[in-house]
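As stored in final.txt (compact mmCIF, C-alpha atoms and all ligand atoms):
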```txt
# COMPACT_ATOMS: atom_id res chain seq x y z
CA MET T 297 0.00 0.00 0.00
CA ALA T 298 1.17 3.51 -0.73
CA SER T 299 1.86 5.45 2.42
CA GLY T 300 0.96 9.05 3.06
CA ALA T 301 4.63 9.84 2.63
CA GLU T 302 4.54 8.39 -0.86
CA ALA T 303 1.47 10.40 -1.73
CA GLN T 304 3.12 13.51 -0.41
CA ALA T 305 6.28 12.73 -2.36
CA ALA T 306 4.19 12.37 -5.48
CA SER T 307 2.43 15.59 -4.62
CA ALA T 308 5.75 17.36 -4.17
CA SER T 309 6.99 16.12 -7.52
CA VAL T 310 3.87 17.50 -9.14
CA SER T 311 4.19 20.94 -7.61
CA ALA T 312 7.84 21.00 -8.65
CA SER T 313 6.66 20.21 -12.20
CA ALA T 314 10.19 19.90 -13.46
CA PRO T 315 10.33 19.50 -17.22
CA GLY T 316 11.10 15.90 -17.99
CA ALA T 317 9.80 14.65 -14.66
CA ASP T 318 7.47 12.61 -16.80
CA ALA T 319 8.93 12.65 -20.27
CA ARG T 320 5.66 11.43 -21.75
CA ALA T 321 3.60 14.30 -20.40
CA VAL T 322 4.76 17.42 -22.19
CA PRO T 323 7.66 17.26 -24.64
CA ALA T 324 9.87 20.32 -24.25
CA GLY T 325 8.58 23.11 -26.42
CA GLY T 326 5.97 20.90 -27.98
CA VAL T 327 2.31 20.13 -27.77
CA PRO T 328 1.71 16.82 -26.06
CA ALA T 329 0.34 14.00 -28.12
CA ALA T 330 -3.31 13.22 -27.45
CA SER T 331 -2.58 10.04 -25.53
CA ALA T 332 0.26 11.58 -23.52
CA ALA T 333 -1.91 14.53 -22.57
CA ARG T 334 -4.19 12.16 -20.72
CA LEU T 335 -1.43 11.02 -18.40
CA PRO T 336 -1.53 12.87 -15.06
CA ALA T 337 1.72 14.58 -14.14
CA ALA T 338 2.13 12.54 -10.95
CA GLY T 339 3.80 9.76 -12.92
CA ARG T 340 2.49 6.31 -13.59
CA PRO T 341 4.33 4.34 -10.87
CA ALA T 342 3.03 6.69 -8.16
CA LEU T 343 -0.48 6.51 -9.59
CA ASP T 344 -0.39 2.71 -9.78
CA ALA T 345 0.75 2.47 -6.16
CA ALA T 346 -1.91 4.92 -5.01
CA TRP T 347 -4.59 3.06 -6.98
CA ALA T 348 -3.61 -0.24 -5.37
CA ALA T 349 -3.83 1.40 -1.94
CA LEU T 350 -7.19 2.96 -2.80
CA VAL T 351 -8.66 -0.35 -3.96
CA ALA T 352 -7.37 -2.07 -0.80
CA THR T 353 -8.98 0.64 1.35
CA ALA T 354 -12.26 0.41 -0.54
CA ARG T 355 -12.31 -3.39 -0.07
CA ARG T 356 -11.63 -2.89 3.63
CA THR T 357 -14.78 -0.78 3.99
CA VAL T 358 -16.77 -3.75 2.70
CA ALA T 359 -14.85 -6.43 4.61
CA GLU T 360 -15.27 -4.56 7.89
CA GLY T 361 -18.97 -3.92 7.40
CA LEU T 362 -18.88 -0.18 6.77
CA VAL T 363 -20.20 -0.51 3.24
CA VAL T 364 -22.82 -2.75 1.67
CA GLY T 365 -22.44 -3.39 -2.06
CA THR T 366 -21.10 -0.30 -3.82
CA SER T 367 -22.64 2.27 -1.49
CA GLY T 368 -19.45 4.06 -0.43
CA ASN T 369 -16.54 5.69 -2.18
CA VAL T 370 -12.89 6.39 -1.60
CA SER T 371 -10.46 8.84 -3.14
CA VAL T 372 -6.83 9.86 -2.79
CA ARG T 373 -5.13 13.00 -4.03
CA LEU T 374 -1.70 13.22 -5.64
CA GLY T 375 -0.99 16.81 -6.48
CA ASP T 376 -3.55 17.97 -9.03
CA THR T 377 -4.80 14.45 -9.63
CA VAL T 378 -7.49 12.61 -7.70
CA LEU T 379 -7.88 8.85 -7.93
CA VAL T 380 -11.44 7.85 -7.14
CA THR T 381 -13.55 4.71 -7.05
CA PRO T 382 -15.87 4.29 -10.04
CA THR T 383 -19.62 4.15 -9.73
CA GLY T 384 -21.41 0.82 -9.77
CA VAL T 385 -18.41 -1.52 -9.76
CA PRO T 386 -17.99 -3.89 -6.79
CA TYR T 387 -14.59 -3.27 -5.22
CA ASP T 388 -13.54 -6.91 -5.47
CA ARG T 389 -13.76 -6.61 -9.24
CA LEU T 390 -11.49 -3.57 -9.52
CA THR T 391 -8.09 -4.30 -11.04
CA ALA T 392 -4.95 -2.30 -11.77
CA ALA T 393 -6.30 -1.75 -15.29
CA ASP T 394 -9.32 0.13 -13.92
CA LEU T 395 -7.22 3.05 -12.62
CA LEU T 396 -9.49 6.08 -12.67
CA ALA T 397 -8.09 9.58 -12.28
CA VAL T 398 -9.70 13.00 -12.52
CA ASP T 399 -8.31 16.51 -12.23
CA LEU T 400 -9.40 18.93 -9.52
CA ARG T 401 -12.33 20.02 -11.71
CA GLY T 402 -13.56 16.48 -12.09
CA ARG T 403 -12.48 15.89 -15.67
CA THR T 404 -11.30 12.35 -16.27
CA VAL T 405 -7.60 12.30 -17.06
CA HIS T 406 -7.16 8.55 -17.02
CA GLY T 407 -9.43 5.55 -17.20
CA HIS T 408 -12.67 4.50 -18.85
CA LEU T 409 -15.03 3.95 -15.93
CA LYS T 410 -17.43 6.61 -14.66
CA PRO T 411 -16.35 8.23 -11.37
CA THR T 412 -18.49 7.90 -8.25
CA SER T 413 -21.58 10.09 -8.24
CA GLU T 414 -20.20 11.67 -5.05
CA LEU T 415 -17.23 13.12 -6.93
CA PRO T 416 -18.42 16.75 -6.31
CA LEU T 417 -18.34 16.02 -2.56
CA HIS T 418 -14.78 14.70 -2.74
CA LEU T 419 -13.54 17.56 -4.90
CA ALA T 420 -15.11 20.17 -2.61
CA VAL T 421 -13.32 18.68 0.39
CA TYR T 422 -9.99 18.65 -1.45
CA ALA T 423 -10.50 22.27 -2.50
CA ALA T 424 -11.33 23.45 1.04
CA THR T 425 -9.01 21.36 3.21
CA ASP T 426 -5.54 19.79 3.26
CA ALA T 427 -7.07 16.34 2.78
CA ALA T 428 -4.93 13.77 0.97
CA ALA T 429 -7.55 11.02 1.14
CA ILE T 430 -11.31 10.76 1.73
CA VAL T 431 -13.51 7.87 2.80
CA HIS T 432 -17.29 8.12 2.45
CA THR T 433 -19.61 5.34 3.61
CA HIS T 434 -23.23 4.67 4.49
CA ALA T 435 -22.17 2.85 7.65
CA VAL T 436 -25.30 1.91 9.56
CA HIS T 437 -24.65 3.44 12.99
CA ALA T 438 -23.30 6.70 11.59
CA THR T 439 -26.28 6.95 9.26
CA ALA T 440 -28.69 6.17 12.10
CA VAL T 441 -27.18 8.92 14.27
CA SER T 442 -27.43 11.35 11.34
CA THR T 443 -31.22 11.04 11.55
CA LEU T 444 -31.41 11.75 15.29
CA VAL T 445 -29.21 14.69 16.25
CA ASP T 446 -27.40 17.72 14.82
CA ARG T 447 -24.11 16.63 16.31
CA LEU T 448 -22.82 13.35 17.68
CA PRO T 449 -23.00 13.81 21.46
CA PRO T 450 -19.50 13.87 23.02
CA ILE T 451 -19.66 10.39 24.50
CA HIS T 452 -16.00 9.47 24.07
CA TYR T 453 -12.71 11.33 24.04
CA MET T 454 -11.83 9.93 20.59
CA ALA T 455 -14.14 12.64 19.24
CA ALA T 456 -11.17 14.93 19.85
CA ALA T 457 -9.22 12.97 17.23
CA LEU T 458 -11.70 14.28 14.65
CA GLY T 459 -11.33 17.87 15.86
CA GLY T 460 -14.38 17.59 18.12
CA PRO T 461 -17.78 15.91 18.09
CA PRO T 462 -18.75 15.47 14.43
CA ARG T 463 -21.62 17.63 13.17
CA VAL T 464 -24.43 16.44 10.94
CA ALA T 465 -24.56 18.14 7.53
CA ASP T 466 -28.00 19.23 6.35
CA TYR T 467 -29.68 16.82 4.00
CA ALA T 468 -29.21 17.38 0.29
CA LEU T 469 -29.50 15.12 -2.74
CA TYR T 470 -26.55 12.78 -3.19
CA GLY T 471 -24.05 13.97 -5.77
CA SER T 472 -25.36 17.55 -5.62
CA PRO T 473 -23.30 20.71 -5.06
CA GLU T 474 -25.68 21.49 -2.18
CA LEU T 475 -24.55 18.32 -0.40
CA ALA T 476 -20.91 19.31 -0.91
CA GLU T 477 -21.61 22.76 0.57
CA ALA T 478 -23.46 21.31 3.53
CA ALA T 479 -20.64 18.86 4.19
CA LEU T 480 -18.04 21.64 4.13
CA ARG T 481 -20.05 23.61 6.70
CA ALA T 482 -20.22 20.56 8.94
CA LEU T 483 -16.51 19.84 8.49
CA ARG T 484 -15.34 23.24 9.69
CA GLY T 485 -12.54 22.50 12.18
CA ARG T 486 -13.24 18.77 11.88
CA THR T 487 -11.83 15.89 9.87
CA GLY T 488 -15.13 14.00 9.83
CA CYS T 489 -18.86 14.63 9.66
CA LEU T 490 -22.17 12.86 9.29
CA LEU T 491 -24.47 13.48 6.33
CA ARG T 492 -28.13 13.59 7.35
CA ASN T 493 -30.09 10.51 6.24
CA HIS T 494 -27.13 9.52 4.12
CA GLY T 495 -23.87 8.48 5.82
CA ALA T 496 -20.48 9.70 6.96
CA LEU T 497 -17.33 11.25 5.55
CA THR T 498 -13.83 11.51 6.96
CA TYR T 499 -10.58 12.70 5.50
CA GLY T 500 -6.93 12.44 6.44
CA GLU T 501 -3.33 12.81 5.43
CA SER T 502 -3.37 9.27 4.03
CA LEU T 503 -5.83 6.57 3.05
CA ASP T 504 -5.07 4.71 6.28
CA GLN T 505 -5.79 7.78 8.39
CA ALA T 506 -9.00 8.59 6.54
CA TYR T 507 -10.12 4.97 6.90
CA ASP T 508 -9.24 4.83 10.59
CA ARG T 509 -11.24 7.99 11.23
CA THR T 510 -14.25 6.49 9.48
CA ALA T 511 -13.95 3.35 11.60
CA GLN T 512 -13.60 5.43 14.79
CA LEU T 513 -16.58 7.58 13.86
CA GLU T 514 -18.74 4.55 13.17
CA TRP T 515 -17.64 3.02 16.49
CA MET T 516 -18.51 6.21 18.40
CA CYS T 517 -21.94 6.36 16.75
CA ARG T 518 -22.54 2.75 17.71
CA LEU T 519 -21.37 3.49 21.24
CA TRP T 520 -23.75 6.41 21.65
CA LEU T 521 -26.69 4.49 20.18
CA THR T 522 -25.96 1.55 22.47
CA ALA T 523 -25.68 3.68 25.62
CA SER T 524 -28.63 5.91 24.82
CA THR T 525 -31.06 3.05 24.26
CA VAL T 526 -30.90 1.75 27.83
CA PRO T 527 -34.41 2.44 29.21
CA GLY T 528 -34.59 5.10 31.88
CA ARG T 529 -30.94 6.05 31.62
CA ALA T 530 -29.05 8.69 29.65
CA PRO T 531 -25.33 8.41 28.95
CA THR T 532 -22.94 10.81 30.65
CA LEU T 533 -21.25 13.12 28.18
CA LEU T 534 -17.86 14.81 28.17
CA THR T 535 -17.48 18.53 28.68
CA GLU T 536 -15.74 20.77 26.19
CA ALA T 537 -12.84 21.11 28.64
CA GLN T 538 -12.50 17.34 28.90
CA LEU T 539 -12.48 17.02 25.11
CA ASP T 540 -9.89 19.78 24.81
CA GLU T 541 -7.71 18.04 27.35
CA ALA T 542 -7.95 14.76 25.42
CA GLY T 543 -7.33 16.59 22.17
CA GLU T 544 -4.07 18.00 23.52
CA ARG T 545 -2.91 14.58 24.55
CA LEU T 546 -3.98 13.10 21.21
CA GLY T 547 -2.02 15.80 19.40
CA GLY T 548 0.97 13.59 18.78
CA TYR T 549 -1.10 10.45 18.42
CA GLY T 550 -0.33 8.32 15.40
CA GLN T 551 2.78 10.21 14.39
CA GLY T 552 5.26 7.83 15.91
CA VAL T 553 5.90 4.15 15.98
CA ASP T 554 2.27 3.17 16.20
CA ALA T 555 1.41 3.17 12.51
CA GLY T 556 -1.30 0.62 13.20
CA GLY T 557 -3.47 3.20 14.89
CA GLY T 558 -3.73 1.32 18.17
CA GLU T 559 -5.78 2.64 21.04
CA PRO T 560 -4.02 5.41 22.93
CA GLY T 561 -3.73 4.76 26.64
ZN ZN L 601 -23.17 8.39 -0.29
```
Just give me the structure of the file as structure tokens.
Amino acid sequence: MASGAEAQAASASVSASAPGADARAVPAGGVPAASAARLPAAGRPALDAAWAALVATARRTVAEGLVVGTSGNVSVRLGDTVLVTPTGVPYDRLTAADLLAVDLRGRTVHGHLKPTSELPLHLAVYAATDAAAIVHTHAVHATAVSTLVDRLPPIHYMAAALGGPPRVADYALYGSPELAEAALRALRGRTGCLLRNHGALTYGESLDQAYDRTAQLEWMCRLWLTASTVPGRAPTLLTEAQLDEAGERLGGYGQGVDAGGGEPG
């Protein structure tokens, strides 16, 4: 799997845009050939590695029960190129040959499949944040919570790892610019949000981080639903000060030896 470092390296090579970095892309002083013009500047090896990581992440959302069928989508950004899962293709059928890349305006720059219908949502998040990867699912507990509250109640300190208790974005039709706008409002200061009557979205500096945040968010939603359905009892909630305190301690979390994202003590 491509690491965040690899994605960042690819990103750096794109912003450097040294002539000849990808000799096929733009011949010096010449107009690129039609086929070469379709190759993103990130370079094919970096794109292939990122695609393999993206497909693995997408399959993980299914294997771990966050996605049923083809109901979620995953993307990863390398410079000005975004690799994204196609619409309507089960993840276990995706191969290296299905690599699908768009530019930041959503125009396909490589591949023949149709991008996910949630592409506007992904592109809006890339435009407004420093996201390098995005995971969107219709995970059942997150979606259930999205129908009940305006914000996930602060039931666990791991909410601080998302920048605070995730908000619920107003409902809007899937794939619409209105949904993208609502999601951006809900994401302010956060790396994850719920989408009302729809699902959840998280982003991160890498596919692994974006995935882990989705899994944590789903777990917190499940936790709150579980605790809040005990008859006659209401769960205790954390104060803002308690969340801030946890957030400070979580500040360095995940940046060291623990690449597996284990539970902080
Ligand atoms: Zn969706």
Please report as a tab-separated table every residue of chain T lying within 10 Å of ligand ZN 601 (chain L), along with the nearest atom pair and their distance in Å (one decimal), using all atoms listed in the file.
```
residue	atom	partner	partner_atom	distance
T:Thr366	CA	L:ZN601	ZN	9.6
T:Ser367	CA	L:ZN601	ZN	6.3
T:Gly368	CA	L:ZN601	ZN	5.7
T:Asn369	CA	L:ZN601	ZN	7.4
T:Thr412	CA	L:ZN601	ZN	9.2
T:Ser413	CA	L:ZN601	ZN	8.3
T:Glu414	CA	L:ZN601	ZN	6.5
T:Leu417	CA	L:ZN601	ZN	9.3
T:His432	CA	L:ZN601	ZN	6.5
T:Thr433	CA	L:ZN601	ZN	6.1
T:His434	CA	L:ZN601	ZN	6.1
T:Ala435	CA	L:ZN601	ZN	9.7
T:Leu469	CA	L:ZN601	ZN	9.6
T:Tyr470	CA	L:ZN601	ZN	6.3
T:Gly471	CA	L:ZN601	ZN	7.9
T:Leu491	CA	L:ZN601	ZN	8.5
T:Asn493	CA	L:ZN601	ZN	9.7
T:His494	CA	L:ZN601	ZN	6.0
T:Gly495	CA	L:ZN601	ZN	6.2
T:Ala496	CA	L:ZN601	ZN	7.8
T:Leu497	CA	L:ZN601	ZN	8.7
```
Please, could you write that set of residues out with C-alpha atoms as an mmCIF file, in the frame of the given file?
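As a result, out31.cif now contains:
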```
data_model
loop_
_atom_site.group_PDB
_atom_site.id
_atom_site.type_symbol
_atom_site.label_atom_id
_atom_site.label_comp_id
_atom_site.auth_asym_id
_atom_site.auth_seq_id
_atom_site.Cartn_x
_atom_site.Cartn_y
_atom_site.Cartn_z
ATOM 1 C CA THR T 366 -21.100 -0.300 -3.820
ATOM 2 C CA SER T 367 -22.640 2.270 -1.490
ATOM 3 C CA GLY T 368 -19.450 4.060 -0.430
ATOM 4 C CA ASN T 369 -16.540 5.690 -2.180
ATOM 5 C CA THR T 412 -18.490 7.900 -8.250
ATOM 6 C CA SER T 413 -21.580 10.090 -8.240
ATOM 7 C CA GLU T 414 -20.200 11.670 -5.050
ATOM 8 C CA LEU T 417 -18.340 16.020 -2.560
ATOM 9 C CA HIS T 432 -17.290 8.120 2.450
ATOM 10 C CA THR T 433 -19.610 5.340 3.610
ATOM 11 C CA HIS T 434 -23.230 4.670 4.490
ATOM 12 C CA ALA T 435 -22.170 2.850 7.650
ATOM 13 C CA LEU T 469 -29.500 15.120 -2.740
ATOM 14 C CA TYR T 470 -26.550 12.780 -3.190
ATOM 15 C CA GLY T 471 -24.050 13.970 -5.770
ATOM 16 C CA LEU T 491 -24.470 13.480 6.330
ATOM 17 C CA ASN T 493 -30.090 10.510 6.240
ATOM 18 C CA HIS T 494 -27.130 9.520 4.120
ATOM 19 C CA GLY T 495 -23.870 8.480 5.820
ATOM 20 C CA ALA T 496 -20.480 9.700 6.960
ATOM 21 C CA LEU T 497 -17.330 11.250 5.550
#
```
Give me the residues near T:Leu480 as a ChimeraX atom specification, where near means some atom within 12 Å (using all atoms listed in the file) and where sequence neighbours in that chain fewer than 5 positions away do not count. /T:416-425,463-466,473-475,485-491,497-499
Atom CA of T:Trp347 to atom CA of T:Ala427: how many Å, to one decimal? 16.7 Å
Write out as a PDB file with C-alpha atoms, in the coordinates of the input each polymer residue whose atoms come within 8 Å of stretch 505-519 of chain T, counting all atoms listed in the file; drop sequence neighbours fewer than 5 positions from it.
```pdb
ATOM      1  CA  THR T 353      -8.980   0.640   1.350  1.00  0.00           C
ATOM      2  CA  THR T 357     -14.780  -0.780   3.990  1.00  0.00           C
ATOM      3  CA  LEU T 362     -18.880  -0.180   6.770  1.00  0.00           C
ATOM      4  CA  ALA T 429      -7.550  11.020   1.140  1.00  0.00           C
ATOM      5  CA  ILE T 430     -11.310  10.760   1.730  1.00  0.00           C
ATOM      6  CA  VAL T 431     -13.510   7.870   2.800  1.00  0.00           C
ATOM      7  CA  HIS T 432     -17.290   8.120   2.450  1.00  0.00           C
ATOM      8  CA  ALA T 435     -22.170   2.850   7.650  1.00  0.00           C
ATOM      9  CA  VAL T 436     -25.300   1.910   9.560  1.00  0.00           C
ATOM     10  CA  HIS T 437     -24.650   3.440  12.990  1.00  0.00           C
ATOM     11  CA  ALA T 438     -23.300   6.700  11.590  1.00  0.00           C
ATOM     12  CA  VAL T 441     -27.180   8.920  14.270  1.00  0.00           C
ATOM     13  CA  LEU T 448     -22.820  13.350  17.680  1.00  0.00           C
ATOM     14  CA  ILE T 451     -19.660  10.390  24.500  1.00  0.00           C
ATOM     15  CA  HIS T 452     -16.000   9.470  24.070  1.00  0.00           C
ATOM     16  CA  MET T 454     -11.830   9.930  20.590  1.00  0.00           C
ATOM     17  CA  ALA T 455     -14.140  12.640  19.240  1.00  0.00           C
ATOM     18  CA  LEU T 458     -11.700  14.280  14.650  1.00  0.00           C
ATOM     19  CA  GLY T 488     -15.130  14.000   9.830  1.00  0.00           C
ATOM     20  CA  ALA T 496     -20.480   9.700   6.960  1.00  0.00           C
ATOM     21  CA  LEU T 497     -17.330  11.250   5.550  1.00  0.00           C
ATOM     22  CA  THR T 498     -13.830  11.510   6.960  1.00  0.00           C
ATOM     23  CA  TYR T 499     -10.580  12.700   5.500  1.00  0.00           C
ATOM     24  CA  GLY T 500      -6.930  12.440   6.440  1.00  0.00           C
ATOM     25  CA  GLY T 557      -3.470   3.200  14.890  1.00  0.00           C
TER      26      GLY T 557
END
```
Distance criterion (only C-alpha atoms): nearest to T:Arg356 out of T:Leu546, T:Val370, T:Arg484, T:Arg403: T:Val370
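Between atom CA of T:Ala392 and atom CA of T:Thr404 the separation is 16.6 Å.
Ranking T:Ala428, T:Ala479, T:Ala456, T:Val405 by their shortest atom-to-atom distance to T:Ser502, with only C-alpha atoms included, puts T:Ala428 first.
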Out of T:Asp426, T:Ala537, T:Leu409, T:Thr443, which residue has the shortest atom-to-atom distance to T:Ala393 when counting all atoms listed in the file? T:Leu409
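What separates atom CA of T:Pro527 from atom CA of T:Gly361 is a distance of 27.5 Å.
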Any idea what's packed within 6 Å of stretch 377-384 of chain T, counting only C-alpha atoms, ignoring anything in its chain fewer than 2 positions away? Could you give it as a ChimeraX atom specification? /T:369-375,396-399,409-412
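Using all atoms listed in the file for every distance, the candidate list T:Pro450, T:Ala523, T:Gly459, T:Asp504 yields T:Pro450 as the residue closest to T:Glu536.
Proximity of T:Leu534, T:Ala478, T:Leu395, T:Val385 to T:Pro341, computed with all atoms listed in the file, is greatest for T:Leu395.
Each of T:Arg401, T:Leu503, T:Asp540, T:Gly407 was checked against T:Leu350 using only C-alpha atoms; the smallest atom-to-atom distance is that of T:Leu503.
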